[in-house]
Structure formats: C-alpha cells, structure tokens
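Dumped coords15.tsv below, it's TSV, C-alpha atoms and all ligand atoms:
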chain	number	residue	atom	x	y	z
A	1	MET	CA	116.19	100.12	61.85
A	2	ALA	CA	114.73	99.27	65.26
A	3	LYS	CA	111.58	97.96	63.51
A	4	GLU	CA	113.68	95.56	61.44
A	5	ALA	CA	115.35	94.25	64.58
A	6	ARG	CA	111.96	93.61	66.20
A	7	ALA	CA	110.40	91.96	63.11
A	8	ASP	CA	111.53	88.53	64.33
A	9	ILE	CA	112.95	88.76	67.80
A	10	TYR	CA	114.07	85.11	67.75
A	11	LEU	CA	115.94	85.21	64.42
A	12	PRO	CA	119.67	85.94	64.74
A	13	GLU	CA	121.38	88.09	62.15
A	14	TYR	CA	124.81	87.10	60.91
A	15	ALA	CA	127.76	89.15	62.10
A	16	THR	CA	131.47	88.83	61.31
A	17	VAL	CA	134.27	88.91	63.85
A	18	LYS	CA	136.39	91.94	62.92
A	19	ARG	CA	138.87	91.69	65.75
A	20	VAL	CA	139.56	89.34	68.63
A	21	LEU	CA	142.22	89.96	71.27
A	22	PRO	CA	143.11	88.15	74.48
A	23	MET	CA	142.69	90.43	77.53
A	24	THR	CA	143.32	88.16	80.53
A	25	GLN	CA	143.56	84.42	81.09
A	26	THR	CA	139.75	84.10	80.91
A	27	GLU	CA	138.52	87.16	78.98
A	28	LYS	CA	138.74	88.00	75.31
A	29	TYR	CA	137.81	91.24	73.52
A	30	PHE	CA	135.67	90.95	70.35
A	31	GLU	CA	134.66	93.46	67.71
A	32	PHE	CA	131.69	92.34	65.59
A	33	ALA	CA	130.04	93.92	62.54
A	34	LEU	CA	126.56	92.95	61.33
A	35	ASP	CA	126.74	91.53	57.81
A	36	SER	CA	123.71	93.62	56.81
A	37	GLY	CA	125.81	96.74	57.39
A	38	ARG	CA	123.28	98.20	59.81
A	39	GLU	CA	124.33	99.68	63.12
A	40	LEU	CA	123.35	97.55	66.11
A	41	GLY	CA	121.48	100.62	67.38
A	42	HIS	CA	122.15	100.13	71.09
A	43	MET	CA	122.56	102.50	74.02
A	44	PRO	CA	124.90	102.00	77.02
A	45	GLY	CA	123.65	99.28	79.39
A	46	GLN	CA	122.05	97.08	76.75
A	47	PHE	CA	123.05	93.54	75.80
A	48	ALA	CA	122.75	91.28	72.76
A	49	GLU	CA	122.33	87.52	72.42
A	50	ILE	CA	125.38	86.11	70.65
A	51	SER	CA	125.08	82.64	69.14
A	52	VAL	CA	127.42	80.03	67.75
A	53	PRO	CA	125.64	77.70	65.30
A	54	GLY	CA	125.20	74.21	66.74
A	55	ILE	CA	126.27	75.29	70.25
A	56	GLY	CA	123.87	77.91	71.61
A	57	GLU	CA	123.36	81.50	72.59
A	58	ALA	CA	124.52	83.75	75.45
A	59	PRO	CA	123.53	87.26	76.57
A	60	ILE	CA	126.58	89.55	76.47
A	61	SER	CA	126.81	93.25	77.36
A	62	ILE	CA	127.74	95.70	74.66
A	63	SER	CA	130.93	97.35	75.85
A	64	SER	CA	131.32	100.07	73.24
A	65	PRO	CA	129.22	103.22	73.07
A	66	PRO	CA	127.03	103.77	69.98
A	67	GLU	CA	129.74	105.23	67.76
A	68	GLY	CA	128.26	104.90	64.29
A	69	LYS	CA	131.35	103.00	63.13
A	70	GLY	CA	129.42	99.94	61.90
A	71	SER	CA	130.69	97.61	64.60
A	72	PHE	CA	130.33	96.95	68.32
A	73	GLU	CA	132.60	95.58	71.03
A	74	MET	CA	132.21	92.92	73.71
A	75	VAL	CA	134.37	91.21	76.32
A	76	ILE	CA	133.59	87.56	76.90
A	77	ARG	CA	134.64	85.46	79.88
A	78	LYS	CA	135.10	81.76	79.12
A	79	VAL	CA	132.83	79.89	81.55
A	80	GLY	CA	130.90	77.21	79.63
A	81	ASN	CA	129.69	75.90	76.28
A	82	VAL	CA	128.87	79.04	74.31
A	83	THR	CA	131.59	81.24	75.75
A	84	THR	CA	134.23	78.54	75.13
A	85	ALA	CA	133.03	78.22	71.51
A	86	LEU	CA	133.28	82.01	71.18
A	87	HIS	CA	136.83	81.92	72.57
A	88	ASN	CA	137.71	79.43	69.82
A	89	ILE	CA	136.62	81.63	66.91
A	90	SER	CA	138.87	84.08	65.14
A	91	GLU	CA	138.73	87.06	62.81
A	92	GLY	CA	136.48	86.50	59.79
A	93	HIS	CA	134.30	83.89	61.51
A	94	LYS	CA	130.52	84.35	61.72
A	95	VAL	CA	128.30	84.51	64.79
A	96	GLY	CA	124.56	85.12	65.24
A	97	VAL	CA	123.33	88.31	66.91
A	98	ARG	CA	119.92	89.17	68.35
A	99	GLY	CA	119.32	92.53	69.93
A	100	PRO	CA	120.04	95.04	71.31
A	101	PHE	CA	117.84	94.22	74.30
A	102	GLY	CA	117.13	95.64	77.75
A	103	THR	CA	117.05	98.96	79.52
A	104	VAL	CA	119.78	101.59	79.39
A	105	PHE	CA	121.92	103.69	81.72
A	106	PRO	CA	120.17	107.10	81.62
A	107	VAL	CA	123.08	108.91	79.92
A	108	GLU	CA	120.72	111.02	77.84
A	109	THR	CA	118.26	111.89	80.59
A	110	THR	CA	118.83	111.67	84.37
A	111	MET	CA	122.64	111.73	84.16
A	112	LYS	CA	122.84	114.91	82.05
A	113	GLY	CA	124.19	117.91	83.97
A	114	LYS	CA	124.99	115.82	87.05
A	115	ASP	CA	128.11	114.60	88.83
A	116	ILE	CA	128.55	110.97	87.82
A	117	ILE	CA	130.19	108.25	89.84
A	118	PHE	CA	130.82	104.93	88.11
A	119	VAL	CA	131.62	101.94	90.34
A	120	ALA	CA	132.87	98.79	88.61
A	121	GLY	CA	133.65	95.44	90.18
A	122	GLY	CA	135.55	92.98	87.95
A	123	LEU	CA	133.70	92.26	84.71
A	124	GLY	CA	131.29	95.09	85.64
A	125	LEU	CA	133.67	97.47	83.87
A	126	VAL	CA	132.59	95.86	80.57
A	127	PRO	CA	129.02	97.27	80.41
A	128	LEU	CA	130.07	100.42	82.30
A	129	ARG	CA	132.73	101.16	79.67
A	130	SER	CA	129.96	101.85	77.16
A	131	ALA	CA	128.46	104.50	79.47
A	132	ILE	CA	131.86	105.88	80.53
A	133	LYS	CA	132.97	106.36	76.92
A	134	TYR	CA	129.58	107.87	76.04
A	135	VAL	CA	129.90	110.42	78.87
A	136	LEU	CA	133.55	111.21	78.05
A	137	ASP	CA	132.65	111.73	74.37
A	138	LYS	CA	130.12	114.37	75.47
A	139	ARG	CA	132.13	115.49	78.48
A	140	SER	CA	130.79	119.07	78.65
A	141	GLN	CA	127.22	117.79	79.18
A	142	TYR	CA	128.09	116.28	82.59
A	143	GLN	CA	129.67	117.69	85.75
A	144	ASN	CA	132.36	115.82	87.78
A	145	VAL	CA	133.12	112.31	86.58
A	146	THR	CA	134.54	109.78	89.06
A	147	ILE	CA	135.38	106.17	88.26
A	148	LEU	CA	136.05	103.56	90.95
A	149	SER	CA	137.23	100.26	89.54
A	150	GLY	CA	138.31	97.10	91.32
A	151	THR	CA	139.47	93.63	90.33
A	152	LYS	CA	140.63	90.65	92.37
A	153	THR	CA	144.18	90.72	91.00
A	154	VAL	CA	146.40	92.91	88.81
A	155	ALA	CA	146.26	90.27	86.05
A	156	GLU	CA	142.45	90.51	85.90
A	157	ARG	CA	142.39	94.25	85.09
A	158	LEU	CA	140.57	94.95	81.81
A	159	PHE	CA	141.09	97.78	79.30
A	160	THR	CA	144.38	98.74	80.95
A	161	ASP	CA	145.31	101.18	78.14
A	162	GLU	CA	142.02	103.00	78.53
A	163	LEU	CA	142.34	103.08	82.31
A	164	ALA	CA	145.78	104.64	81.88
A	165	ALA	CA	144.34	107.25	79.50
A	166	TRP	CA	141.47	108.08	81.87
A	167	ALA	CA	143.96	108.39	84.76
A	168	LYS	CA	145.84	111.07	82.81
A	169	ARG	CA	142.75	113.19	82.15
A	170	THR	CA	142.24	116.21	84.38
A	171	ASP	CA	138.45	116.01	83.94
A	172	VAL	CA	138.15	112.44	85.27
A	173	ASN	CA	138.82	111.17	88.81
A	174	LEU	CA	139.89	107.56	88.46
A	175	PHE	CA	140.65	105.36	91.46
A	176	GLU	CA	141.63	101.74	91.02
A	177	THR	CA	142.09	98.94	93.47
A	178	VAL	CA	142.92	95.22	93.50
A	179	ASP	CA	141.96	92.79	96.25
A	180	VAL	CA	145.46	91.31	96.19
A	181	GLY	CA	148.37	93.38	94.94
A	182	ASP	CA	151.79	92.38	93.62
A	183	ALA	CA	155.22	94.01	93.33
A	184	SER	CA	154.12	95.97	90.22
A	185	TRP	CA	151.02	97.45	91.87
A	186	LYS	CA	151.43	100.95	93.35
A	187	GLN	CA	147.77	101.84	93.86
A	188	ASN	CA	145.12	100.90	96.44
A	189	VAL	CA	144.85	97.34	97.73
A	190	GLY	CA	141.47	96.17	99.02
A	191	VAL	CA	137.93	95.69	97.78
A	192	VAL	CA	136.30	98.46	95.73
A	193	THR	CA	134.53	99.94	98.78
A	194	THR	CA	137.95	100.83	100.27
A	195	LEU	CA	138.12	103.58	97.61
A	196	PHE	CA	135.13	105.51	99.00
A	197	PRO	CA	137.11	107.40	101.69
A	198	LYS	CA	139.15	108.94	98.82
A	199	ILE	CA	136.16	110.63	97.16
A	200	LYS	CA	133.57	113.32	97.85
A	201	ILE	CA	129.92	113.00	96.80
A	202	ASP	CA	127.33	115.77	96.77
A	203	PRO	CA	124.10	113.74	97.08
A	204	THR	CA	121.99	116.61	95.72
A	205	LYS	CA	123.55	116.39	92.26
A	206	THR	CA	125.15	112.97	91.84
A	207	ILE	CA	124.06	109.88	89.95
A	208	ALA	CA	125.84	106.62	90.80
A	209	VAL	CA	126.07	103.81	88.27
A	210	VAL	CA	127.20	100.49	89.72
A	211	CYS	CA	128.04	97.25	87.97
A	212	GLY	CA	129.64	94.11	89.36
A	213	PRO	CA	128.93	90.80	91.05
A	214	PRO	CA	126.04	90.71	93.61
A	215	VAL	CA	128.30	91.21	96.64
A	216	VAL	CA	129.56	94.49	95.15
A	217	TYR	CA	126.05	95.97	95.00
A	218	LYS	CA	125.28	95.21	98.60
A	219	PHE	CA	128.37	96.90	100.00
A	220	VAL	CA	128.64	99.73	97.45
A	221	ILE	CA	125.04	100.76	98.16
A	222	LEU	CA	125.85	100.86	101.89
A	223	GLU	CA	128.77	103.21	101.10
A	224	LEU	CA	126.62	105.43	98.88
A	225	ARG	CA	124.05	105.66	101.66
A	226	LYS	CA	126.77	107.01	103.98
A	227	PHE	CA	126.90	110.00	101.60
A	228	ALA	CA	123.09	110.32	101.94
A	229	MET	CA	122.53	109.31	98.36
A	230	GLN	CA	118.90	108.55	97.44
A	231	ASN	CA	117.97	105.15	96.02
A	232	ARG	CA	116.49	106.79	92.93
A	233	ASP	CA	119.92	108.24	92.09
A	234	ILE	CA	121.65	104.83	92.16
A	235	TYR	CA	121.54	102.67	89.02
A	236	VAL	CA	122.57	99.02	88.95
A	237	SER	CA	122.79	96.40	86.21
A	238	LEU	CA	121.57	92.96	87.27
A	239	GLU	CA	122.72	89.73	85.71
A	240	ARG	CA	120.48	86.69	85.68
A	241	ASN	CA	120.47	83.44	83.72
A	242	MET	CA	118.69	84.37	80.48
A	243	LYS	CA	117.40	82.45	77.50
A	244	CYS	CA	115.06	84.40	75.20
A	245	GLY	CA	116.25	87.88	76.22
A	246	VAL	CA	112.86	89.35	75.34
A	247	GLY	CA	110.48	88.70	78.26
A	248	LYS	CA	108.94	85.42	77.01
A	249	CYS	CA	110.61	82.44	78.70
A	250	GLY	CA	110.71	83.51	82.35
A	251	HIS	CA	114.28	82.29	82.96
A	252	CYS	CA	115.40	85.69	84.22
A	253	GLN	CA	112.40	86.39	86.44
A	254	ILE	CA	112.97	88.22	89.74
A	255	ASN	CA	109.52	88.12	91.36
A	256	SER	CA	107.38	90.30	89.07
A	257	LEU	CA	110.33	91.61	87.05
A	258	TYR	CA	112.04	90.20	84.00
A	259	ALA	CA	115.74	91.10	84.19
A	260	CYS	CA	115.98	90.95	80.39
A	261	GLN	CA	113.19	93.41	79.68
A	262	ASP	CA	112.58	95.48	82.83
A	263	GLY	CA	116.40	95.49	83.23
A	264	PRO	CA	119.24	94.73	83.19
A	265	VAL	CA	119.58	98.39	84.27
A	266	PHE	CA	117.36	99.34	87.21
A	267	SER	CA	117.14	102.34	89.47
A	268	TYR	CA	117.77	100.98	92.95
A	269	ALA	CA	114.51	102.66	94.04
A	270	ASP	CA	112.63	100.25	91.73
A	271	ILE	CA	114.15	97.07	93.18
A	272	GLU	CA	115.01	97.85	96.80
A	273	ASN	CA	111.87	96.01	97.98
A	274	VAL	CA	112.04	93.21	95.41
A	275	ARG	CA	113.09	90.05	97.23
A	276	GLU	CA	116.40	88.58	96.07
A	277	ALA	CA	116.93	91.29	93.43
A	278	ILE	CA	120.30	92.05	95.04
B	301	LIG	C1	122.50	90.91	80.75
B	301	LIG	C2	123.74	90.04	80.79
B	301	LIG	C3	124.95	90.55	80.36
B	301	LIG	C4	126.09	89.75	80.40
B	301	LIG	N1	127.25	90.29	79.94
B	301	LIG	C5	128.35	89.53	79.89
B	301	LIG	C6	129.57	90.05	79.35
B	301	LIG	O1	129.66	91.22	78.96
B	301	LIG	N2	130.63	89.21	79.29
B	301	LIG	C7	130.58	87.91	79.74
B	301	LIG	O2	131.58	87.21	79.65
B	301	LIG	N3	129.45	87.40	80.28
B	301	LIG	C8	128.34	88.17	80.34
B	301	LIG	N4	127.17	87.65	80.84
B	301	LIG	C9	127.18	86.27	81.35
B	301	LIG	C10	127.05	85.30	80.18
B	301	LIG	O3	125.79	85.45	79.59
B	301	LIG	C11	127.20	83.85	80.69
B	301	LIG	O4	128.49	83.67	81.18
B	301	LIG	C12	126.95	82.89	79.53
B	301	LIG	O5	125.58	82.89	79.20
B	301	LIG	C13	127.39	81.49	79.88
B	301	LIG	O6	127.09	80.69	78.77
B	301	LIG	P1	127.92	79.36	78.47
B	301	LIG	O7	127.11	78.55	77.50
B	301	LIG	O8	129.32	79.66	78.11
B	301	LIG	O9	127.94	78.67	79.87
B	301	LIG	P2	127.02	77.48	80.38
B	301	LIG	O10	127.63	76.21	79.85
B	301	LIG	O11	125.59	77.76	80.06
B	301	LIG	O12	127.18	77.65	81.93
B	301	LIG	C14	128.42	77.67	82.60
B	301	LIG	C15	128.16	78.08	84.02
B	301	LIG	O13	127.80	79.47	84.06
B	301	LIG	C16	126.51	79.63	84.69
B	301	LIG	N5	125.81	80.73	84.03
B	301	LIG	C17	125.33	80.76	82.78
B	301	LIG	N6	124.78	81.97	82.52
B	301	LIG	C18	124.91	82.70	83.65
B	301	LIG	C19	124.55	84.02	84.04
B	301	LIG	N7	123.91	84.87	83.23
B	301	LIG	N8	124.87	84.42	85.28
B	301	LIG	C20	125.51	83.60	86.12
B	301	LIG	N9	125.88	82.35	85.82
B	301	LIG	C21	125.58	81.91	84.60
B	301	LIG	C22	125.82	78.31	84.51
B	301	LIG	O14	124.82	78.12	85.47
B	301	LIG	C23	127.01	77.34	84.69
B	301	LIG	O15	127.32	77.18	86.02
B	301	LIG	C24	126.03	88.42	80.86
B	301	LIG	C25	124.81	87.91	81.30
B	301	LIG	C26	123.68	88.70	81.28
B	301	LIG	C27	122.38	88.14	81.75
B	302	LIG	S1	115.34	85.73	79.37
B	302	LIG	FE1	113.38	84.99	78.79
B	302	LIG	S2	112.06	86.20	79.99
B	302	LIG	FE2	113.99	87.08	80.36
I need this file expressed as structure tokens, please.
Amino acid sequence: MAKEARADIYLPEYATVKRVLPMTQTEKYFEFALDSGRELGHMPGQFAEISVPGIGEAPISISSPPEGKGSFEMVIRKVGNVTTALHNISEGHKVGVRGPFGTVFPVETTMKGKDIIFVAGGLGLVPLRSAIKYVLDKRSQYQNVTILSGTKTVAERLFTDELAAWAKRTDVNLFETVDVGDASWKQNVGVVTTLFPKIKIDPTKTIAVVCGPPVVYKFVILELRKFAMQNRDIYVSLERNMKCGVGKCGHCQINSLYACQDGPVFSYADIENVREAI
C-alpha cells in the first residue's frame, strides 16, 4: 500500500467527498474516501496534499486517527484560492489526494506508557485530534492524559461535541479557554498558557505535544520549562508554506530542514537551535 503511494509522488489519486459540514464561520469539516478503496495509511501528525482540478493544491493535516474505516477527516480554513474552492464543493464531488506525508507524533513509541499533555491553540486542535483520538482509543497504553485547548473566541471552538465528551471522561483532564469570553462561556478566559497553573506535570514521565500558531509555541514552551520539562520530551508541529510536500522544491525549508519531510512534527530538542524554526 505504501509502495503504491510512493510510486508517483506527484500524481494525485481521486477521492470523493463523503461528508462536508460547516464548523465555524471560516472552517469546514470534510470526510474523504479514496476512490481506489485503499486506506490513506497515515499516522497522527501527517498531512496530505489536497487538490482541486484547475485551481491548485494545499497541504492539510489529517484530523482523524487511522481507523480502518476507508475514509479520513480534515478541517479546512478558508484563506485563499484552494481552500475557497474546497469550501465550495459538496458531498459526491471529487478532489485529488497525494500523501500521507511527513513525520508523526510518536504515539506508538515515545508516548507509550507516559503521561501525555496535549496543548492546542486554535486550528492546532485539528492535527492534535488525530493523536488524541488515537491515544483515547488505546487508553490503557498511556498514563494520565491532559488536554489544554484554547481559541480566540467561543464561536471559533472546533469539535465542540467531542470536547464535551472528553470533558465528561474521568480518564481525561480537559481544560479549555478562550481569549475573549461571552455570556455563554463559563470556563477560563485568557490565552492557553493561563491554563498551566491548573495542571501538574511530572517531568520525569511526561510527553508534551503542542500544536498552534507560532506565538503559542514560544510561550507554551516557556511554561513547560517551568515544570523542568526536557526539550526532547516536547513535540511540536510546524507549518510552513509548502508546494511539493516531498522534500524536492525547497519552499518549506527552515535552514537545513524541510518542514514537509523532516517535519511537520519535530522534537523540540531537534529544532531549538535552528534559527527561525519557532
Ligand atoms: C503541514 C501543514 C498542515 C496544514 N494543515 C491545515 C489544516 O489542517 N487546515 C487548514 O485549514 N490549513 C492547514 N494548513 C494551511 C494550508 O495549507 C493553507 O492555508 C493553504 O495552503 C492555503 O492555500 P490557498 O490556496 O487557499 O491560499 P493561497 O491563495 O495560496 O494563500 C492565501 C494566504 O495564505 C498564505 N498561506 C498559504 N499557505 C500557507 C501556510 N502553509 N502557512 C501560512 N500561510 C499560508 C498565503 O501566503 C496567503 O497570504 C496546513 C499547512 C501545512 C504546511
Ligand atoms: S514542500 Fe517542497 S521541499 Fe517541502
């Protein structure tokens, strides 16, 4: 299966839109199935290039875990040409898919048997959801699971039903915040780092997985350091402008690293000295 995907890394496969749902004013949820019937074969943290014929291609994180259900899920924010074209398609329409590409959150290796803290800023919950659902599906293989999630406003919260379900679980510690609350909001108000005083971290057995806009990394890593966490135990997912997605065009280069191939998931220990990585 993986060999087939690599046979021509530039040739998209057709996929059909199974489901499309509005999530917020700017984000839509999509479920795609490859027309060949094969599983995408991804792991949490990876992305795929999604194309609209005649418009172009965009790298998008895979938001579902590998479930073996013959489809995969994404959340797409409308920002420009390709993402607007994707927002205009509906169920039954075709898109092109290349991938999966990139490195993975170490759910099957480093994270096993550890306390896990997920920190999501805004759209960062989209790739993290794949890892969160993976961990919760195999809950007994991990120790304490904590999720910190923040958005700018209440209206920008994603996957609200799933957040509500995670909040009810006794084996998950979920803390949410919004930068600006409203009358309906009864939880924390402030940026995602304001949630750190509510949690405990044992740095000897915790892995942190962080995903959000660049400013989130900078300040979340400072908070994690206050708990004496080691850089090697902090994983981040870096977003860069990408074209090929497979280490050929150089669009995503961060000094000697290609975000598409060496990342998007990096251990912070591997990039702390790389200029402008974060
Ligand atoms: C690994 C990876 C995973 C991503 N996952 C998601 C996801 O799950 N959901 C989602 O909605 N988006 C995601 N993105 C961002 C998405 O790829 C861009 O928003 C998209 O490529 C924009 O294409 P466009 O043609 O609609 O916009 P364009 O018309 O190309 O550009 C619109 C504006 O967005 C800027 N832009 C384009 N690409 C990027 C980028 N990668 N980072 C920052 N600015 C950019 C352009 O410079 C321009 O200002 C991801 C990007 C990467 C690299
Ligand atoms: S996107 Fe082409 S090298 Fe990374």
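Distance annotation: of A:Val75, A:Ile271, A:Ala58, A:Met43, the residue with the minimal separation from ligand LIG 302 (chain B) is A:Ala58; atom set is all atoms listed in the file.
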Using all atoms of ligand LIG 302 (chain B) that appear in the file, construct an axis-aligned enclosing box with 4 Å of padding on every side and provide its centre coordinates and edge lengths in Å, rounded to one decimal, as JSON.
{"center_x": 113.7, "center_y": 86.0, "center_z": 79.6, "size_x": 11.3, "size_y": 10.1, "size_z": 9.6}
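Going from CA of Lys186 (chain A) over to CA of Leu128 (chain A), you cover 24.1 Å.
What separates CA of Pro53 (chain A) from CA of Gly96 (chain A) is a distance of 7.5 Å.
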So which residues are near ligand LIG 301 (chain B), meaning at most 9 Å away with only C-alpha atoms and all ligand atoms counted, given back as a count of residues only?
-> 52
Of the residues A:Leu174, A:Met111, A:Val95, A:Ile9, which is the one nearest to ligand LIG 302 (chain B), using only C-alpha atoms and all ligand atoms?
-> A:Ile9
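Minimum atom-to-atom distances from A:Thr153, A:Thr146, A:Asn273, A:Thr194 to Asp179 (chain A) were compared using only C-alpha atoms, and the lowest value belongs to A:Thr153.
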Could you give me, as number ranges by chain, the residues within 12 Å of Gln187 (chain A), counting all atoms listed in the file and dropping anything in the same chain fewer than 6 positions from it?
-> A: 149-150, 154, 167, 174-181, 194-195
Tell me which protein, DNA and RNA residues are within 9 Å of Ser36 (chain A), counting all atoms listed in the file, leaving out same-chain ones fewer than 4 positions away, and put them as an MDAnalysis selection string.
-> chainID A and resid 13:15
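Atom pair CA of Ala269 (chain A) / CA of Tyr235 (chain A): separated by 8.6 Å.
Between ligand LIG 302 (chain B) and the candidates A:Ile207, A:Phe227, A:Tyr10, A:Lys133, the tightest atom-to-atom separation, counting only C-alpha atoms and all ligand atoms, involves A:Tyr10.
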Using only C-alpha atoms and all ligand atoms, the shortest atom-to-atom distance to ligand LIG 302 (chain B) among A:Phe266, A:Phe196, A:Phe118, A:Tyr258 belongs to A:Tyr258
Mind listing whatever residues come within 10 Å of the point (122.1, 111.2, 83.6)? Use only C-alpha atoms, file coordinates, and give them as a PyMOL selection string.
-> chain A and resi 105-116+135+141-142+206-209+233
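A distance cut-off of 7 Å around (137.2, 89.9, 95.2), counting only C-alpha atoms, selects these protein and nucleic acid residues: A:Thr151, A:Lys152, A:Asp179, A:Val191.
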Measuring atom to atom with only C-alpha atoms and all ligand atoms, identify which of A:Arg169, A:Leu257, A:Tyr268, A:Gly250 is nearest to ligand LIG 302 (chain B).
-> A:Gly250
Can you put N, CA, C and O atoms back into region 208-227 of chain A and show it as a tab-separated table (two decimals), keeping the file's coordinate frame?
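Full text of out_37.tsv as output:
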chain	number	residue	atom	x	y	z
A	208	ALA	N	124.87	107.71	90.70
A	208	ALA	CA	125.84	106.62	90.80
A	208	ALA	C	125.40	105.48	89.89
A	208	ALA	O	124.21	105.15	89.83
A	209	VAL	N	126.35	104.92	89.18
A	209	VAL	CA	126.07	103.81	88.27
A	209	VAL	C	127.01	102.67	88.66
A	209	VAL	O	128.23	102.82	88.60
A	210	VAL	N	126.41	101.56	89.09
A	210	VAL	CA	127.20	100.49	89.72
A	210	VAL	C	127.03	99.20	88.92
A	210	VAL	O	125.91	98.85	88.54
A	211	CYS	N	128.14	98.51	88.69
A	211	CYS	CA	128.04	97.25	87.97
A	211	CYS	C	129.12	96.28	88.46
A	211	CYS	O	130.31	96.62	88.48
A	212	GLY	N	128.68	95.10	88.88
A	212	GLY	CA	129.64	94.11	89.36
A	212	GLY	C	128.90	92.88	89.85
A	212	GLY	O	127.69	92.76	89.67
A	213	PRO	N	129.61	91.98	90.50
A	213	PRO	CA	128.93	90.80	91.05
A	213	PRO	C	128.03	91.19	92.23
A	213	PRO	O	128.20	92.28	92.80
A	214	PRO	N	127.04	90.34	92.60
A	214	PRO	CA	126.04	90.71	93.61
A	214	PRO	C	126.63	91.28	94.89
A	214	PRO	O	126.11	92.26	95.44
A	215	VAL	N	127.74	90.73	95.37
A	215	VAL	CA	128.30	91.21	96.64
A	215	VAL	C	128.73	92.68	96.55
A	215	VAL	O	128.66	93.42	97.53
A	216	VAL	N	129.13	93.10	95.36
A	216	VAL	CA	129.56	94.49	95.15
A	216	VAL	C	128.39	95.44	95.39
A	216	VAL	O	128.52	96.46	96.07
A	217	TYR	N	127.20	95.08	94.85
A	217	TYR	CA	126.05	95.97	95.00
A	217	TYR	C	125.73	96.22	96.47
A	217	TYR	O	125.52	97.35	96.90
A	218	LYS	N	125.69	95.12	97.20
A	218	LYS	CA	125.28	95.21	98.60
A	218	LYS	C	126.16	96.22	99.36
A	218	LYS	O	125.65	97.13	100.01
A	219	PHE	N	127.47	96.07	99.21
A	219	PHE	CA	128.37	96.90	100.00
A	219	PHE	C	128.57	98.30	99.40
A	219	PHE	O	128.74	99.27	100.14
A	220	VAL	N	128.51	98.41	98.07
A	220	VAL	CA	128.64	99.73	97.45
A	220	VAL	C	127.42	100.59	97.81
A	220	VAL	O	127.55	101.78	98.12
A	221	ILE	N	126.24	99.99	97.81
A	221	ILE	CA	125.04	100.76	98.16
A	221	ILE	C	125.12	101.24	99.61
A	221	ILE	O	124.76	102.38	99.92
A	222	LEU	N	125.66	100.42	100.49
A	222	LEU	CA	125.85	100.86	101.89
A	222	LEU	C	126.77	102.09	101.94
A	222	LEU	O	126.51	103.04	102.68
A	223	GLU	N	127.85	102.07	101.14
A	223	GLU	CA	128.77	103.21	101.10
A	223	GLU	C	128.08	104.46	100.56
A	223	GLU	O	128.25	105.56	101.10
A	224	LEU	N	127.30	104.27	99.48
A	224	LEU	CA	126.62	105.43	98.88
A	224	LEU	C	125.62	106.03	99.85
A	224	LEU	O	125.42	107.25	99.91
A	225	ARG	N	125.01	105.17	100.65
A	225	ARG	CA	124.05	105.66	101.66
A	225	ARG	C	124.74	106.52	102.71
A	225	ARG	O	124.15	107.46	103.24
A	226	LYS	N	126.03	106.20	103.00
A	226	LYS	CA	126.77	107.01	103.98
A	226	LYS	C	126.89	108.45	103.50
A	226	LYS	O	127.08	109.37	104.28
A	227	PHE	N	126.85	108.65	102.17
A	227	PHE	CA	126.90	110.00	101.60
A	227	PHE	C	125.49	110.57	101.45
A	227	PHE	O	125.30	111.57	100.74
